[in-house]
Every structure is written in structure tokens, then in C-alpha cells.
Amino acid sequence: MARHLERKIMKRAIGFLRHDISGSDRDVHERAINDLAAAEGYQIDTILAVGPDVTHPLSRILVAVSRIHADAVITPGPDHVADFARALLVVTDLITIAPPRTARRGVRHKTDLNSS
């Protein structure tokens, strides 16, 4: 088998955070996104960091997900995507670091991502 075909195919993901929520922990959150991605076998293509001045963060995420055919969006916590988590789950998995959760795309989720 050709050597280039032997390489493991990694899942692709984007990171997402709201810097107004991350505050001074932004760098910590970005490292956590990268660390979790590596541990779970994802290649992070980009980390989108937006603030409250961005009027349509979901649109930005969906463009990035579509552009790279992302398998997941990884975020520090559910509060970063609270306004549009269900919409994301139509097209991609959603992984939160704290609490550690993976919500699969296309699965009907009865509970809020914030609940234990």
C-alpha cells in the first residue's frame, strides 16, 4: 500500500469561544481546545474567537464548518454556544470541555447541554 494512504485520517474540528466569556482565561481555553482535540483525534483547523459585537456568530461557525467539512465544534463550555447549540447539532457534533460532554449531530437531545 502506498505510504501516503497509510496515514491515519484525522477527524476535523473547529474551536469556538466567546472572548467576553473567556475573559482573561482566553489563552487557557484555546490551549484546552487544542489539547482536547489532540486527545480525541481531531485536527483543529481554526479557533474562532468572537465577542458580543459579532451579531451572527452561528453564521461564522457554519461557514467554517462547511469550508473544512468539520466533524465537530469544540468549545470551553455550553455558555459559549448557548444561543445556538441546537442549530449546530443539525450539522456537526458539539464537544464541551467543562462539563465534558459530546453531543452528536442529528440526535435529538432531550436535555439542555448545561444540565448534568
# chains A, B, ... in the order shown; residues from 1 in each chain; ligands from 1

call {"tool": "residues_around", "arguments": {"residues": "Ala98 of chain A", "least_positions_apart": "6", "cutoff": "8 Å", "atoms": "only C-alpha atoms", "output": "ChimeraX atom specification"}}
result
/A:76-78

call {"tool": "write_last_selection", "arguments": {"atoms": "N, CA and C atoms", "output": "mmCIF file, in the first residue's frame"}}
result
data_model
loop_
_atom_site.group_PDB
_atom_site.id
_atom_site.type_symbol
_atom_site.label_atom_id
_atom_site.label_comp_id
_atom_site.auth_asym_id
_atom_site.auth_seq_id
_atom_site.Cartn_x
_atom_site.Cartn_y
_atom_site.Cartn_z
ATOM 1 N N PRO A 76 -15.147 25.745 25.138
ATOM 2 C CA PRO A 76 -14.840 25.598 26.568
ATOM 3 C C PRO A 76 -16.028 25.160 27.422
ATOM 4 N N GLY A 77 -17.218 25.643 27.078
ATOM 5 C CA GLY A 77 -18.398 25.299 27.868
ATOM 6 C C GLY A 77 -19.661 25.654 27.126
ATOM 7 N N PRO A 78 -20.788 25.160 27.605
ATOM 8 C CA PRO A 78 -22.047 25.398 26.915
ATOM 9 C C PRO A 78 -22.460 26.861 26.854
#

call {"tool": "closest_atom_pairs", "arguments": {"of": "segment 51-89 of chain A", "to": "segment 26-35 of chain A", "cutoff": "12 Å", "atoms": "only C-alpha atoms", "output": "tab-separated table"}}
result
residue	atom	partner	partner_atom	distance
A:Gly51	CA	A:Arg26	CA	11.6
A:Ala72	CA	A:Ile33	CA	11.6
A:Val73	CA	A:Ile33	CA	9.6
A:Ile74	CA	A:Ile33	CA	6.3
A:Thr75	CA	A:Ile33	CA	6.6
A:Pro76	CA	A:His29	CA	6.0
A:Gly77	CA	A:His29	CA	9.5
A:His80	CA	A:His29	CA	11.2

call {"tool": "select_by_dssp", "arguments": {"residues": "chain A", "states": "strand (DSSP E or B)", "output": "PyMOL selection string"}}
result
chain A and resi 11-18+42-50+72-75+93-96+101-103

call {"tool": "write_last_selection", "arguments": {"atoms": "C-alpha atoms", "output": "PDB file, in the first residue's frame"}}
result
ATOM      1  CA  LYS A  11     -11.353  13.962  12.184  1.00  0.00           C
ATOM      2  CA  ARG A  12     -11.558  17.703  11.650  1.00  0.00           C
ATOM      3  CA  ALA A  13     -12.846  20.269  14.105  1.00  0.00           C
ATOM      4  CA  ILE A  14     -13.010  23.944  14.755  1.00  0.00           C
ATOM      5  CA  GLY A  15     -12.710  25.568  18.138  1.00  0.00           C
ATOM      6  CA  PHE A  16     -15.106  28.272  19.210  1.00  0.00           C
ATOM      7  CA  LEU A  17     -15.110  30.651  22.130  1.00  0.00           C
ATOM      8  CA  ARG A  18     -16.566  33.960  23.113  1.00  0.00           C
ATOM      9  CA  TYR A  42      -9.254  15.782  15.960  1.00  0.00           C
ATOM     10  CA  GLN A  43      -7.269  18.173  13.826  1.00  0.00           C
ATOM     11  CA  ILE A  44      -8.148  21.756  14.783  1.00  0.00           C
ATOM     12  CA  ASP A  45      -8.211  23.911  11.667  1.00  0.00           C
ATOM     13  CA  THR A  46      -9.092  27.164  13.375  1.00  0.00           C
ATOM     14  CA  ILE A  47     -10.317  28.599  16.639  1.00  0.00           C
ATOM     15  CA  LEU A  48     -12.948  31.266  16.143  1.00  0.00           C
ATOM     16  CA  ALA A  49     -12.945  33.810  18.950  1.00  0.00           C
ATOM     17  CA  VAL A  50     -15.768  36.325  18.855  1.00  0.00           C
ATOM     18  CA  ALA A  72     -17.133  18.757  15.486  1.00  0.00           C
ATOM     19  CA  VAL A  73     -17.073  22.134  17.173  1.00  0.00           C
ATOM     20  CA  ILE A  74     -15.110  22.182  20.428  1.00  0.00           C
ATOM     21  CA  THR A  75     -15.868  24.897  22.963  1.00  0.00           C
ATOM     22  CA  ASP A  93     -21.041  17.281  16.830  1.00  0.00           C
ATOM     23  CA  LEU A  94     -20.635  19.684  19.735  1.00  0.00           C
ATOM     24  CA  ILE A  95     -17.988  18.999  22.359  1.00  0.00           C
ATOM     25  CA  THR A  96     -17.729  20.991  25.575  1.00  0.00           C
ATOM     26  CA  ARG A 101     -19.821  16.419  27.017  1.00  0.00           C
ATOM     27  CA  THR A 102     -20.138  15.282  23.459  1.00  0.00           C
ATOM     28  CA  ALA A 103     -23.470  15.883  21.800  1.00  0.00           C
TER      29      ALA A 103
END

call {"tool": "select_by_dssp", "arguments": {"residues": "chain A", "states": "helix (DSSP H, G or I)", "output": "VMD selection string"}}
result
chain A and resid 3 to 6 19 to 40 57 to 68 78 to 80 85 to 88

call {"tool": "write_last_selection", "arguments": {"atoms": "N, CA and C atoms", "output": "CSV table (one decimal), in the first residue's frame"}}
result
chain,number,residue,atom,x,y,z
A,3,ARG,N,2.5,4.7,0.8
A,3,ARG,CA,2.8,5.3,2.2
A,3,ARG,C,1.8,6.4,2.5
A,4,HIS,N,1.4,7.2,1.5
A,4,HIS,CA,0.5,8.3,1.8
A,4,HIS,C,-0.9,7.8,2.1
A,5,LEU,N,-1.2,6.6,1.7
A,5,LEU,CA,-2.5,6.0,2.1
A,5,LEU,C,-2.6,5.4,3.5
A,6,GLU,N,-1.4,5.2,4.0
A,6,GLU,CA,-1.3,4.5,5.3
A,6,GLU,C,-1.5,5.5,6.5
A,19,HIS,N,-14.8,35.6,23.6
A,19,HIS,CA,-13.8,36.1,24.4
A,19,HIS,C,-14.3,36.9,25.6
A,20,ASP,N,-15.6,37.4,25.4
A,20,ASP,CA,-16.2,38.1,26.6
A,20,ASP,C,-16.5,37.1,27.7
A,21,ILE,N,-16.7,35.9,27.4
A,21,ILE,CA,-17.0,34.9,28.4
A,21,ILE,C,-15.7,34.3,28.9
A,22,SER,N,-14.7,34.0,28.0
A,22,SER,CA,-13.4,33.5,28.5
A,22,SER,C,-12.6,34.5,29.3
A,23,GLY,N,-12.8,35.8,28.9
A,23,GLY,CA,-12.1,36.8,29.7
A,23,GLY,C,-10.6,36.6,29.7
A,24,SER,N,-10.0,36.7,30.9
A,24,SER,CA,-8.5,36.5,31.0
A,24,SER,C,-8.1,35.1,30.8
A,25,ASP,N,-9.1,34.1,30.7
A,25,ASP,CA,-8.7,32.7,30.5
A,25,ASP,C,-8.7,32.3,29.0
A,26,ARG,N,-8.8,33.3,28.2
A,26,ARG,CA,-8.8,33.0,26.7
A,26,ARG,C,-7.7,32.1,26.3
A,27,ASP,N,-6.5,32.4,26.6
A,27,ASP,CA,-5.3,31.6,26.2
A,27,ASP,C,-5.5,30.2,26.8
A,28,VAL,N,-5.9,30.1,28.1
A,28,VAL,CA,-6.1,28.8,28.7
A,28,VAL,C,-7.2,28.0,28.0
A,29,HIS,N,-8.3,28.7,27.6
A,29,HIS,CA,-9.3,28.0,26.8
A,29,HIS,C,-8.9,27.5,25.5
A,30,GLU,N,-8.1,28.4,24.8
A,30,GLU,CA,-7.6,27.9,23.5
A,30,GLU,C,-6.6,26.7,23.6
A,31,ARG,N,-5.8,26.7,24.6
A,31,ARG,CA,-4.9,25.5,24.8
A,31,ARG,C,-5.8,24.3,25.2
A,32,ALA,N,-6.8,24.5,26.0
A,32,ALA,CA,-7.7,23.4,26.3
A,32,ALA,C,-8.4,22.8,25.1
A,33,ILE,N,-8.8,23.7,24.2
A,33,ILE,CA,-9.5,23.2,23.0
A,33,ILE,C,-8.5,22.4,22.2
A,34,ASN,N,-7.2,22.9,22.0
A,34,ASN,CA,-6.2,22.2,21.2
A,34,ASN,C,-5.9,20.9,21.9
A,35,ASP,N,-5.7,20.9,23.2
A,35,ASP,CA,-5.4,19.6,24.0
A,35,ASP,C,-6.5,18.6,23.8
A,36,LEU,N,-7.7,19.0,24.0
A,36,LEU,CA,-8.8,18.0,23.9
A,36,LEU,C,-8.9,17.5,22.5
A,37,ALA,N,-8.7,18.4,21.5
A,37,ALA,CA,-8.8,17.9,20.1
A,37,ALA,C,-7.7,16.8,19.9
A,38,ALA,N,-6.5,17.1,20.3
A,38,ALA,CA,-5.4,16.1,20.1
A,38,ALA,C,-5.7,14.8,20.8
A,39,ALA,N,-6.2,14.9,22.0
A,39,ALA,CA,-6.5,13.7,22.8
A,39,ALA,C,-7.6,12.9,22.2
A,40,GLU,N,-8.6,13.5,21.5
A,40,GLU,CA,-9.7,12.8,20.9
A,40,GLU,C,-9.5,12.5,19.4
A,57,PRO,N,-22.8,35.0,15.3
A,57,PRO,CA,-21.7,34.1,15.4
A,57,PRO,C,-22.0,32.7,14.8
A,58,LEU,N,-23.3,32.3,14.9
A,58,LEU,CA,-23.7,31.0,14.3
A,58,LEU,C,-23.3,31.0,12.8
A,59,SER,N,-23.6,32.0,12.1
A,59,SER,CA,-23.2,32.1,10.7
A,59,SER,C,-21.7,31.9,10.4
A,60,ARG,N,-20.9,32.5,11.2
A,60,ARG,CA,-19.5,32.3,11.1
A,60,ARG,C,-19.0,30.9,11.4
A,61,ILE,N,-19.6,30.3,12.4
A,61,ILE,CA,-19.3,28.9,12.7
A,61,ILE,C,-19.7,28.0,11.5
A,62,LEU,N,-20.9,28.2,11.0
A,62,LEU,CA,-21.4,27.3,10.0
A,62,LEU,C,-20.6,27.5,8.7
A,63,VAL,N,-20.1,28.7,8.4
A,63,VAL,CA,-19.2,28.8,7.2
A,63,VAL,C,-17.9,28.1,7.4
A,64,ALA,N,-17.4,28.2,8.6
A,64,ALA,CA,-16.1,27.4,8.9
A,64,ALA,C,-16.3,25.9,8.9
A,65,VAL,N,-17.4,25.5,9.5
A,65,VAL,CA,-17.7,24.0,9.5
A,65,VAL,C,-17.9,23.5,8.0
A,66,SER,N,-18.6,24.3,7.2
A,66,SER,CA,-18.8,23.9,5.9
A,66,SER,C,-17.5,23.9,5.0
A,67,ARG,N,-16.7,24.9,5.2
A,67,ARG,CA,-15.5,25.1,4.5
A,67,ARG,C,-14.5,23.9,4.7
A,68,ILE,N,-14.4,23.4,5.9
A,68,ILE,CA,-13.4,22.4,6.2
A,68,ILE,C,-14.1,21.0,6.4
A,78,PRO,N,-20.8,25.2,27.6
A,78,PRO,CA,-22.0,25.4,26.9
A,78,PRO,C,-22.5,26.9,26.9
A,79,ASP,N,-22.0,27.7,27.8
A,79,ASP,CA,-22.3,29.1,27.8
A,79,ASP,C,-21.8,29.8,26.5
A,80,HIS,N,-20.8,29.3,25.9
A,80,HIS,CA,-20.2,29.9,24.7
A,80,HIS,C,-21.1,29.7,23.5
A,85,ALA,N,-26.8,26.2,20.2
A,85,ALA,CA,-26.3,24.9,20.3
A,85,ALA,C,-27.1,23.9,19.5
A,86,ARG,N,-28.4,24.0,19.6
A,86,ARG,CA,-29.3,23.0,18.9
A,86,ARG,C,-29.1,23.2,17.3
A,87,ALA,N,-28.9,24.4,16.9
A,87,ALA,CA,-28.7,24.6,15.4
A,87,ALA,C,-27.4,24.0,15.0
A,88,LEU,N,-26.4,24.1,15.8
A,88,LEU,CA,-25.1,23.5,15.5
A,88,LEU,C,-25.2,22.0,15.3

call {"tool": "closest_residue", "arguments": {"among": "A:Val90, A:Ala70, A:Pro99, A:Asp83", "to": "Thr55 of chain A", "atoms": "only C-alpha atoms"}}
result
A:Asp83
